[in-house]
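Enquirer: File name run-v3.tsv; file contents TSV, C-alpha atoms and all ligand atoms; full text below.
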```tsv
chain	number	residue	atom	x	y	z
A	1	MET	CA	2.25	7.96	36.25
A	2	GLN	CA	-1.39	8.76	35.75
A	3	ILE	CA	-3.49	7.15	33.06
A	4	VAL	CA	-6.99	8.17	31.98
A	5	VAL	CA	-9.04	6.03	29.62
A	6	LEU	CA	-10.63	8.54	27.27
A	7	GLY	CA	-12.34	5.92	25.11
A	8	SER	CA	-12.61	2.22	25.86
A	9	ALA	CA	-14.52	1.01	22.77
A	10	ALA	CA	-13.15	-0.15	19.43
A	11	GLY	CA	-13.89	1.57	16.10
A	12	GLY	CA	-17.58	2.51	15.86
A	13	GLY	CA	-17.97	3.07	19.61
A	14	PHE	CA	-20.75	1.63	21.74
A	15	PRO	CA	-23.46	1.79	20.58
A	16	GLN	CA	-22.38	2.13	16.97
A	17	TRP	CA	-24.75	4.54	15.18
A	18	ASN	CA	-26.02	2.03	12.61
A	19	CYS	CA	-25.67	-1.20	14.56
A	20	HIS	CA	-28.57	-3.26	15.84
A	21	CYS	CA	-26.62	-6.14	17.31
A	22	ARG	CA	-27.84	-7.46	20.65
A	23	MET	CA	-25.39	-5.33	22.62
A	24	CYS	CA	-25.91	-2.05	20.71
A	25	SER	CA	-29.70	-2.45	20.82
A	26	SER	CA	-29.72	-3.15	24.53
A	27	VAL	CA	-27.60	-0.13	25.46
A	28	ARG	CA	-29.57	2.11	23.09
A	29	ASN	CA	-32.89	0.94	24.51
A	30	GLY	CA	-31.72	0.91	28.11
A	31	THR	CA	-32.57	-2.77	28.49
A	32	SER	CA	-29.11	-3.71	29.80
A	33	ARG	CA	-26.88	-2.20	32.47
A	34	ALA	CA	-24.10	-1.75	29.90
A	35	GLU	CA	-22.56	1.74	29.72
A	36	PRO	CA	-21.98	3.54	26.39
A	37	ARG	CA	-18.35	3.91	25.40
A	38	THR	CA	-16.43	6.17	23.03
A	39	GLN	CA	-13.67	5.15	20.65
A	40	SER	CA	-10.18	4.02	21.55
A	41	SER	CA	-7.88	6.51	23.31
A	42	ILE	CA	-5.93	6.98	26.54
A	43	ALA	CA	-4.01	9.89	28.05
A	44	VAL	CA	-0.92	9.67	30.28
A	45	SER	CA	0.78	12.23	32.51
A	46	ASP	CA	3.65	12.46	34.97
A	47	ASP	CA	2.21	15.41	36.95
A	48	GLY	CA	-1.56	15.37	36.38
A	49	GLU	CA	-1.40	18.67	34.44
A	50	ASN	CA	0.50	17.92	31.25
A	51	TRP	CA	-0.92	15.06	29.20
A	52	VAL	CA	0.02	13.02	26.16
A	53	ILE	CA	-2.92	11.65	24.20
A	54	ILE	CA	-2.27	8.17	22.89
A	55	ASN	CA	-4.48	7.62	19.86
A	56	ALA	CA	-6.70	10.45	18.69
A	57	SER	CA	-10.20	9.11	18.21
A	58	PRO	CA	-13.08	10.68	16.27
A	59	ASP	CA	-14.67	11.29	19.70
A	60	ILE	CA	-11.74	13.31	21.04
A	61	ARG	CA	-13.61	16.57	21.53
A	62	GLN	CA	-16.24	14.89	23.69
A	63	GLN	CA	-13.56	12.90	25.50
A	64	ILE	CA	-11.47	15.95	26.43
A	65	ASN	CA	-14.56	17.87	27.52
A	66	ALA	CA	-15.51	14.95	29.76
A	67	SER	CA	-12.06	14.93	31.44
A	68	PRO	CA	-11.52	17.90	33.79
A	69	GLN	CA	-7.92	16.74	34.37
A	70	LEU	CA	-7.11	17.71	30.77
A	71	ALA	CA	-8.57	21.23	30.99
A	72	TYR	CA	-5.46	22.93	32.35
A	73	ALA	CA	-5.53	26.58	31.23
A	74	ASN	CA	-2.13	27.92	30.29
A	75	GLY	CA	-3.35	31.07	28.55
A	76	ALA	CA	-6.53	32.53	27.08
A	77	ARG	CA	-6.55	29.38	25.02
A	78	GLY	CA	-4.68	26.33	26.15
A	79	SER	CA	-5.00	22.78	27.24
A	80	GLY	CA	-3.34	20.09	29.26
A	81	VAL	CA	-3.13	18.16	25.98
A	82	ARG	CA	0.52	18.74	25.05
A	83	SER	CA	1.44	16.02	22.56
A	84	VAL	CA	-0.07	13.11	20.69
A	85	ILE	CA	1.14	9.59	19.91
A	86	VAL	CA	-0.63	7.33	17.42
A	87	THR	CA	0.09	3.61	17.47
A	88	ASP	CA	-1.25	2.95	13.94
A	89	ALA	CA	-3.02	4.82	11.12
A	90	GLN	CA	-6.49	3.31	11.70
A	91	ILE	CA	-9.41	5.73	11.44
A	92	ASP	CA	-10.45	5.21	15.06
A	93	HIS	CA	-6.93	6.15	16.25
A	94	THR	CA	-6.18	9.09	13.95
A	95	THR	CA	-9.35	10.96	12.98
A	96	GLY	CA	-9.06	13.02	16.17
A	97	LEU	CA	-5.98	14.61	14.61
A	98	LEU	CA	-8.44	16.60	12.48
A	99	ILE	CA	-10.52	17.58	15.50
A	100	LEU	CA	-7.46	18.92	17.40
A	101	ARG	CA	-6.90	21.58	14.69
A	102	GLU	CA	-7.66	24.47	17.05
A	103	GLY	CA	-4.68	23.44	19.19
A	104	LEU	CA	-2.07	23.23	16.42
A	105	PRO	CA	0.86	23.18	16.21
A	106	LEU	CA	1.30	20.05	18.33
A	107	ASP	CA	4.02	17.44	18.52
A	108	LEU	CA	3.01	14.08	17.07
A	109	TYR	CA	4.95	10.85	17.59
A	110	CYS	CA	4.44	7.81	15.35
A	111	THR	CA	6.44	5.42	13.19
A	112	ALA	CA	7.64	6.42	9.71
A	113	GLU	CA	5.20	3.85	8.27
A	114	VAL	CA	2.25	5.48	10.01
A	115	ALA	CA	3.44	8.99	9.07
A	116	GLU	CA	3.61	7.79	5.45
A	117	GLU	CA	0.03	6.46	5.53
A	118	LEU	CA	-1.14	9.72	7.11
A	119	SER	CA	0.49	11.64	4.26
A	120	THR	CA	-0.60	9.39	1.36
A	121	SER	CA	-3.52	6.93	1.71
A	122	TYR	CA	-5.20	9.07	4.38
A	123	PRO	CA	-3.37	12.40	4.01
A	124	ILE	CA	-4.52	14.19	7.14
A	125	LEU	CA	-1.01	15.33	8.10
A	126	SER	CA	-0.68	17.11	4.74
A	127	MET	CA	-4.10	18.75	5.20
A	128	MET	CA	-3.39	19.91	8.73
A	129	LYS	CA	-0.32	21.88	7.62
A	130	HIS	CA	-2.80	24.67	6.82
A	131	TRP	CA	-3.49	25.12	10.55
A	132	GLU	CA	-0.47	26.90	12.06
A	133	GLY	CA	1.87	24.51	10.29
A	134	GLY	CA	0.04	21.43	11.57
A	135	TYR	CA	1.74	18.58	13.41
A	136	ARG	CA	5.43	18.55	14.15
A	137	THR	CA	5.86	14.87	13.34
A	138	HIS	CA	8.60	12.96	15.14
A	139	THR	CA	9.13	9.48	13.77
A	140	VAL	CA	10.05	6.73	16.19
A	141	ASP	CA	11.98	3.60	15.25
A	142	PRO	CA	9.91	0.58	16.32
A	143	THR	CA	12.87	-1.76	16.01
A	144	SER	CA	14.84	0.15	18.63
A	145	ASP	CA	13.91	-0.37	22.26
A	146	GLU	CA	15.83	2.71	23.36
A	147	GLY	CA	12.62	4.71	23.52
A	148	TRP	CA	12.09	8.44	23.53
A	149	GLN	CA	11.08	11.24	25.83
A	150	ILE	CA	8.51	13.99	25.41
A	151	PRO	CA	9.48	17.39	26.87
A	152	PHE	CA	6.11	18.08	28.54
A	153	VAL	CA	6.18	14.78	30.47
A	154	PRO	CA	9.90	14.50	31.19
A	155	ALA	CA	9.58	11.72	33.76
A	156	LEU	CA	8.11	9.28	31.25
A	157	ARG	CA	10.02	7.22	28.71
A	158	PHE	CA	8.13	5.72	25.77
A	159	HIS	CA	9.32	2.46	24.23
A	160	PRO	CA	7.71	1.19	21.00
A	161	ILE	CA	7.02	-2.56	20.66
A	162	VAL	CA	6.21	-3.96	17.21
A	163	LEU	CA	2.80	-5.68	17.27
A	164	ALA	CA	1.64	-8.36	14.85
A	165	SER	CA	-1.70	-6.94	13.69
A	166	ASN	CA	-2.98	-5.59	10.35
A	167	ALA	CA	-2.67	-2.37	8.33
A	168	PRO	CA	-5.85	-0.29	7.89
A	169	PRO	CA	-8.43	-1.26	5.23
A	170	PHE	CA	-7.37	1.76	3.08
A	171	SER	CA	-3.68	0.86	3.19
A	172	PRO	CA	-1.71	-0.73	0.34
A	173	TYR	CA	-0.22	-2.87	3.13
A	174	ARG	CA	-3.58	-4.35	4.22
A	175	ASN	CA	-2.97	-8.07	4.83
A	176	LYS	CA	0.79	-7.56	4.39
A	177	PRO	CA	1.63	-5.22	7.26
A	178	ARG	CA	5.11	-3.89	7.84
A	179	PRO	CA	6.68	-3.93	11.32
A	180	GLY	CA	5.98	-0.19	11.80
A	181	ASP	CA	2.28	-0.36	10.90
A	182	ASN	CA	1.27	-1.25	14.47
A	183	ILE	CA	3.09	-0.62	17.68
A	184	GLY	CA	2.32	-1.09	21.32
A	185	LEU	CA	3.91	1.13	23.93
A	186	ARG	CA	5.85	0.33	27.06
A	187	ILE	CA	5.80	3.52	29.11
A	188	VAL	CA	8.16	3.76	32.05
A	189	ASP	CA	8.02	6.33	34.85
A	190	THR	CA	11.74	6.90	35.30
A	191	ARG	CA	11.21	8.20	38.88
A	192	THR	CA	9.73	4.95	40.15
A	193	GLY	CA	10.20	2.35	37.42
A	194	ALA	CA	6.40	1.93	37.21
A	195	THR	CA	5.56	0.58	33.77
A	196	LEU	CA	2.46	0.53	31.59
A	197	PHE	CA	2.15	-1.70	28.55
A	198	TYR	CA	-0.55	-0.54	26.12
A	199	ALA	CA	-1.52	-2.72	23.16
A	200	PRO	CA	-5.03	-1.95	21.84
A	201	GLY	CA	-4.55	-3.92	18.60
A	202	LEU	CA	-2.75	-7.23	18.97
A	203	GLY	CA	-3.18	-10.16	16.59
A	204	ALA	CA	-0.57	-12.54	17.99
A	205	PRO	CA	1.86	-12.15	20.89
A	206	ASP	CA	5.56	-12.70	20.27
A	207	GLY	CA	8.56	-12.74	22.60
A	208	ALA	CA	8.82	-8.95	22.82
A	209	VAL	CA	5.14	-8.66	23.77
A	210	LEU	CA	5.46	-11.41	26.37
A	211	SER	CA	8.45	-9.78	27.99
A	212	ALA	CA	6.74	-6.35	27.96
A	213	MET	CA	3.74	-7.95	29.68
A	214	ALA	CA	5.92	-9.71	32.24
A	215	SER	CA	7.72	-6.54	33.29
A	216	ALA	CA	4.69	-4.23	33.42
A	217	ASP	CA	2.81	-3.01	36.50
A	218	CYS	CA	-0.29	-2.51	34.36
A	219	VAL	CA	-1.18	-3.95	30.97
A	220	MET	CA	-3.96	-2.54	28.79
A	221	MET	CA	-4.63	-5.17	26.16
A	222	ASP	CA	-6.74	-5.72	23.03
A	223	GLY	CA	-10.24	-6.72	24.14
A	224	THR	CA	-11.94	-6.22	20.76
A	225	LEU	CA	-13.83	-9.50	20.34
A	226	TRP	CA	-14.97	-12.27	22.65
A	227	THR	CA	-14.74	-14.89	19.87
A	228	ASP	CA	-12.83	-14.86	16.60
A	229	ASP	CA	-15.96	-15.32	14.46
A	230	GLU	CA	-18.19	-12.91	16.42
A	231	MET	CA	-18.72	-10.44	13.55
A	232	ILE	CA	-19.59	-13.23	11.12
A	233	ARG	CA	-21.96	-15.02	13.53
A	234	GLU	CA	-23.76	-11.78	14.30
A	235	GLY	CA	-24.19	-11.15	10.54
A	236	LEU	CA	-22.19	-7.92	10.80
A	237	GLY	CA	-19.08	-8.69	8.79
A	238	THR	CA	-17.19	-11.24	6.79
A	239	ARG	CA	-13.86	-11.23	8.56
A	240	LEU	CA	-12.46	-13.11	11.51
A	241	GLY	CA	-10.92	-11.15	14.35
A	242	ARG	CA	-7.51	-12.54	13.52
A	243	GLU	CA	-7.85	-11.30	9.91
A	244	MET	CA	-8.41	-7.81	11.33
A	245	GLY	CA	-5.41	-8.19	13.64
A	246	HIS	CA	-7.27	-8.80	16.88
A	247	LEU	CA	-6.71	-11.78	19.17
A	248	SER	CA	-10.05	-12.81	20.70
A	249	VAL	CA	-10.57	-12.61	24.45
A	250	SER	CA	-11.89	-16.17	24.95
A	251	GLY	CA	-10.47	-19.49	23.80
A	252	ASP	CA	-7.45	-21.62	24.57
A	253	ASP	CA	-5.13	-19.20	22.77
A	254	GLY	CA	-7.11	-16.07	23.59
A	255	MET	CA	-6.25	-12.96	25.57
A	256	LEU	CA	-7.54	-14.29	28.91
A	257	ALA	CA	-5.37	-17.39	28.57
A	258	LEU	CA	-2.42	-15.19	27.69
A	259	LEU	CA	-3.01	-12.88	30.67
A	260	GLU	CA	-3.30	-15.83	33.02
A	261	GLN	CA	0.43	-16.46	32.56
A	262	PHE	CA	1.30	-13.22	34.36
A	263	ASP	CA	0.92	-12.57	38.07
A	264	LYS	CA	2.43	-9.13	38.46
A	265	PRO	CA	0.50	-6.63	36.36
A	266	ARG	CA	-2.88	-5.07	36.84
A	267	LYS	CA	-4.71	-6.39	33.78
A	268	VAL	CA	-7.19	-4.30	31.79
A	269	LEU	CA	-9.03	-5.05	28.53
A	270	ILE	CA	-9.44	-2.04	26.23
A	271	HIS	CA	-10.53	-1.34	22.60
A	272	ILE	CA	-13.69	-3.38	23.14
A	273	ASN	CA	-15.97	-3.87	20.15
A	274	ASN	CA	-19.68	-3.17	20.50
A	275	THR	CA	-20.51	-6.83	19.77
A	276	ASN	CA	-18.43	-8.07	22.70
A	277	PRO	CA	-20.71	-9.46	25.47
A	278	ILE	CA	-18.18	-8.52	28.18
A	279	LEU	CA	-19.67	-5.00	27.96
A	280	ASP	CA	-22.85	-6.24	29.66
A	281	PRO	CA	-22.30	-6.40	33.45
A	282	ASP	CA	-24.95	-9.13	33.69
A	283	ALA	CA	-23.41	-11.40	31.04
A	284	SER	CA	-21.55	-14.58	31.97
A	285	GLU	CA	-18.68	-13.45	29.72
A	286	HIS	CA	-18.30	-10.26	31.80
A	287	LYS	CA	-18.15	-12.35	34.96
A	288	ALA	CA	-15.60	-14.72	33.39
A	289	VAL	CA	-13.28	-11.78	32.73
A	290	LEU	CA	-13.58	-10.44	36.28
A	291	ASP	CA	-13.17	-13.95	37.73
A	292	ALA	CA	-9.88	-14.19	35.81
A	293	GLY	CA	-8.66	-11.10	37.69
A	294	VAL	CA	-8.95	-8.92	34.60
A	295	GLU	CA	-10.64	-5.50	34.48
A	296	ILE	CA	-12.85	-4.14	31.71
A	297	ALA	CA	-11.96	-0.56	30.79
A	298	PHE	CA	-14.63	2.12	30.83
A	299	ASP	CA	-14.56	5.75	29.73
A	300	GLY	CA	-13.11	7.96	32.46
A	301	MET	CA	-11.26	5.07	34.16
A	302	HIS	CA	-8.33	6.50	36.08
A	303	ILE	CA	-5.26	4.41	36.91
A	304	GLN	CA	-2.23	5.49	38.88
A	305	ILE	CA	0.91	3.36	38.92
A	401	LIG	C1	-9.46	-2.01	13.97
A	401	LIG	O1	-9.08	-1.83	15.12
A	401	LIG	O2	-9.38	-3.12	13.43
A	401	LIG	C2	-9.99	-0.86	13.20
A	401	LIG	O3	-9.80	0.31	13.91
A	401	LIG	C3	-11.41	-1.03	12.84
A	401	LIG	C4	-11.98	0.22	12.26
A	401	LIG	O4	-12.09	1.23	12.97
A	401	LIG	O5	-12.35	0.22	11.08
A	402	MN	MN	-9.41	-0.01	16.12
A	403	ZN	ZN	-23.27	-3.43	17.66
```
Is it possible to give me this structure as structure tokens?
Ligand code: MLT
Ligand code: MN
Ligand code: ZN

Expert:
Amino acid sequence: MQIVVLGSAAGGGFPQWNCHCRMCSSVRNGTSRAEPRTQSSIAVSDDGENWVIINASPDIRQQINASPQLAYANGARGSGVRSVIVTDAQIDHTTGLLILREGLPLDLYCTAEVAEELSTSYPILSMMKHWEGGYRTHTVDPTSDEGWQIPFVPALRFHPIVLASNAPPFSPYRNKPRPGDNIGLRIVDTRTGATLFYAPGLGAPDGAVLSAMASADCVMMDGTLWTDDEMIREGLGTRLGREMGHLSVSGDDGMLALLEQFDKPRKVLIHINNTNPILDPDASEHKAVLDAGVEIAFDGMHIQI
């Protein structure tokens, strides 16, 4: 299985256009060695030619153009991008569905809850029907671990895992999320058994998450915030990370402590917010992550398992 990180930042990207936090200012002004990052998305493939995009970010056009692996030409027009999965209805994970209009129709996989949000609160699936019929939406049952297959990547099996996180700010289910509002994915290469667990938005791990982490060869986990009150302390927001559905990286109950329990997988932090000091290669927080044996995702990162 091949994995390409298309975008390693959280919503807003890095730097965020209107943000003057320490990290955004330093990358904008070139006063740190931090690298800019686009918004949250990965692509997976079983043959390096046919790809499934997992989460369609507002930056998807730029991300695909920056990834020669995805440029497979199967006609006068064509792409290696064959299908899309979205793990939630958040703007940073779904706005790219608008940008992919030139490639419609495409198969889209998501839960019924997410499909409902994308047809009501944020009705992009209804809008896109005007482009060659739009997305052929396949709903996946997050309470079943049976998983599903996608014809273009037949060697991969996709298993949804319900994640405790939050529904988007525009959702009637904000602060009362349903099990299908956020999923992680366990993706198994049925030829080798190699397994990826991808969870870019995770508020609190439960037994299913722990067992998915234990059995994976690579985990790509929520690295949004270093501390729970980071947005408030920086004067950029009023909400704690946990209220937004993101477990912080540091702290006794944080993501690093959680990852420390597992020996087997390659460990990668992804969906990193622009305020998070781990983005600065010269910061002590960056070093603490690497010292814990955990990698920090960057745009264009390629992983083979
Ligand atoms: C989140 O991950 O909490 C959201 O995507 C934030 C946002 O983009 O508004
Ligand atoms: Mn997000
Ligand atoms: Zn910022």

Enquirer: Could you produce a table of the residues of chain A lying within 6 Å of ligand MN 402 (chain A), with the nearest pair of atoms per residue and their separation in Å rounded to one decimal, using all atoms listed in the file, ordered by chain and increasing residue number, as JSON lines?

Expert:
```
{"residue": "A:Ala10", "atom": "CA", "partner": "A:MN402", "partner_atom": "MN", "distance": 5.0}
{"residue": "A:Gly11", "atom": "CA", "partner": "A:MN402", "partner_atom": "MN", "distance": 4.8}
{"residue": "A:Asp92", "atom": "CA", "partner": "A:MN402", "partner_atom": "MN", "distance": 5.4}
```

Enquirer: List the neighbours of Ile161 in chain A out to 6 Å using all atoms listed in the file; skip same-chain residues closer than 4 positions along the sequence, and give me the result as a list of chain:residue names.

Expert: A:Ile183, A:Gly184, A:Leu185

Enquirer: Between A:Leu108, A:Leu225, A:Ala208, A:Val162, which one has atoms that come closest to Met244 in chain A, using all atoms listed in the file?

Expert: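 Of all the options, A:Leu225 lies closest to Met244 in chain A.
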
Enquirer: Between CA of Val84 in chain A and CA of Gln63 in chain A, what is the distance in Å, rounded to a tenth?

Expert: 14.3 Å

Enquirer: List all protein, DNA and RNA residues that have an atom no more than 7 Å from any atom of ligand ZN 403 (chain A), counting all atoms listed in the file, and report them as a ChimeraX atom specification.

Expert: /A:14-16,19-24,274-275

Enquirer: Can I get the residues of chain A within 10 Å of ligand LIG 401 (chain A), each with the closest pair of atoms and their distance in Å to one decimal, using only C-alpha atoms and all ligand atoms, sorted chain first then ascending number, as JSON lines?

Expert:
```
{"residue": "A:Ala9", "atom": "CA", "partner": "A:LIG401", "partner_atom": "O1", "distance": 9.8}
{"residue": "A:Ala10", "atom": "CA", "partner": "A:LIG401", "partner_atom": "O1", "distance": 6.2}
{"residue": "A:Gly11", "atom": "CA", "partner": "A:LIG401", "partner_atom": "O4", "distance": 3.6}
{"residue": "A:Gly12", "atom": "CA", "partner": "A:LIG401", "partner_atom": "O4", "distance": 6.3}
{"residue": "A:Gly13", "atom": "CA", "partner": "A:LIG401", "partner_atom": "O4", "distance": 9.1}
{"residue": "A:Gln39", "atom": "CA", "partner": "A:LIG401", "partner_atom": "O4", "distance": 8.8}
{"residue": "A:Ser40", "atom": "CA", "partner": "A:LIG401", "partner_atom": "O3", "distance": 8.5}
{"residue": "A:Ser57", "atom": "CA", "partner": "A:LIG401", "partner_atom": "O4", "distance": 9.7}
{"residue": "A:Asp88", "atom": "CA", "partner": "A:LIG401", "partner_atom": "O3", "distance": 8.9}
{"residue": "A:Ala89", "atom": "CA", "partner": "A:LIG401", "partner_atom": "O3", "distance": 8.6}
{"residue": "A:Gln90", "atom": "CA", "partner": "A:LIG401", "partner_atom": "O3", "distance": 5.0}
{"residue": "A:Ile91", "atom": "CA", "partner": "A:LIG401", "partner_atom": "O4", "distance": 5.5}
{"residue": "A:Asp92", "atom": "CA", "partner": "A:LIG401", "partner_atom": "O4", "distance": 4.8}
{"residue": "A:His93", "atom": "CA", "partner": "A:LIG401", "partner_atom": "O3", "distance": 6.9}
{"residue": "A:Thr94", "atom": "CA", "partner": "A:LIG401", "partner_atom": "O3", "distance": 9.5}
{"residue": "A:Ser165", "atom": "CA", "partner": "A:LIG401", "partner_atom": "O2", "distance": 8.6}
{"residue": "A:Asn166", "atom": "CA", "partner": "A:LIG401", "partner_atom": "O2", "distance": 7.5}
{"residue": "A:Ala167", "atom": "CA", "partner": "A:LIG401", "partner_atom": "O2", "distance": 8.5}
{"residue": "A:Pro168", "atom": "CA", "partner": "A:LIG401", "partner_atom": "C2", "distance": 6.8}
{"residue": "A:Pro169", "atom": "CA", "partner": "A:LIG401", "partner_atom": "O5", "distance": 7.2}
{"residue": "A:Phe170", "atom": "CA", "partner": "A:LIG401", "partner_atom": "O5", "distance": 9.5}
{"residue": "A:Pro200", "atom": "CA", "partner": "A:LIG401", "partner_atom": "O1", "distance": 7.8}
{"residue": "A:Gly201", "atom": "CA", "partner": "A:LIG401", "partner_atom": "O1", "distance": 6.1}
{"residue": "A:Leu202", "atom": "CA", "partner": "A:LIG401", "partner_atom": "O1", "distance": 9.2}
{"residue": "A:Gly203", "atom": "CA", "partner": "A:LIG401", "partner_atom": "O2", "distance": 9.9}
{"residue": "A:Asp222", "atom": "CA", "partner": "A:LIG401", "partner_atom": "O1", "distance": 9.1}
{"residue": "A:Thr224", "atom": "CA", "partner": "A:LIG401", "partner_atom": "O1", "distance": 7.7}
{"residue": "A:Gly241", "atom": "CA", "partner": "A:LIG401", "partner_atom": "O2", "distance": 8.2}
{"residue": "A:Arg242", "atom": "CA", "partner": "A:LIG401", "partner_atom": "O2", "distance": 9.6}
{"residue": "A:Glu243", "atom": "CA", "partner": "A:LIG401", "partner_atom": "O2", "distance": 9.0}
{"residue": "A:Met244", "atom": "CA", "partner": "A:LIG401", "partner_atom": "O2", "distance": 5.2}
{"residue": "A:Gly245", "atom": "CA", "partner": "A:LIG401", "partner_atom": "O2", "distance": 6.4}
{"residue": "A:His246", "atom": "CA", "partner": "A:LIG401", "partner_atom": "O2", "distance": 7.0}
{"residue": "A:His271", "atom": "CA", "partner": "A:LIG401", "partner_atom": "O1", "distance": 7.6}
{"residue": "A:Ile272", "atom": "CA", "partner": "A:LIG401", "partner_atom": "O1", "distance": 9.4}
{"residue": "A:Asn273", "atom": "CA", "partner": "A:LIG401", "partner_atom": "O1", "distance": 8.8}
```

Enquirer: Do a neighbour search on range 147-157 of chain A at 8 Å with all atoms listed in the file, toss out local chain neighbours closer than 2 positions, and write the hits as a list in words.

Expert: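 Using all atoms listed in the file, the neighbours found are Met1, Ser45, Asp46, Asp47, Asn50, Trp51, Val52, Arg82, Ser83, Val140, Ser144, Asp145, His159, Pro160, Ile187, Val188, Asp189, Thr190 and Arg191 of chain A.
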
Enquirer: Give me the range 2-80 of chain A side of the contact with range 109-117 of chain A, cut-off 12 Å, one line per residue showing its nearest atom pair and distance in Å at one decimal, counting all atoms listed in the file, sorted by chain and residue number, as a tab-separated table.

Expert:
```
residue	atom	partner	partner_atom	distance
A:Val52	CA	A:Tyr109	CA	10.1
A:Ile53	CA	A:Tyr109	CA	10.3
A:Ile54	CA	A:Tyr109	CA	9.3
A:Asn55	CA	A:Cys110	CA	10.0
A:Ala56	CA	A:Tyr109	CA	11.7
```

Enquirer: What box, with edges along x, y and z, holds each listed atom of range 1-15 of chain A when 4 Å is added on every side, and can you state its centre and edge lengths in Å to one decimal, as lines of an AutoDock Vina configuration file?

Expert:
```
center_x = -10.6
center_y = 4.3
center_z = 26.1
size_x = 33.7
size_y = 16.9
size_z = 28.4
```

Enquirer: Expressed in Å to a single decimal, how great is the separation between CA of Ile64 in chain A and CA of Asp299 in chain A?

Expert: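 So the answer is 11.2 Å.
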
Enquirer: Would you work out the distance separating CA of Leu70 in chain A from CA of Ser8 in chain A, expressed in Å to one decimal?

Expert: 17.2 Å

Enquirer: Which residues are close to range 249-252 of chain A, i.e. within 6 Å by only C-alpha atoms, leaving aside same-chain residues fewer than 2 positions away? Reply as a PyMOL selection string.

Expert: chain A and resi 223+226-227+254-256

Enquirer: Using only C-alpha atoms, determine which residues lie at most 9 Å from Phe298 in chain A, disregarding the query and same-chain residues fewer than 3 positions distant; provide the list as a count of residues only.

Expert: 11
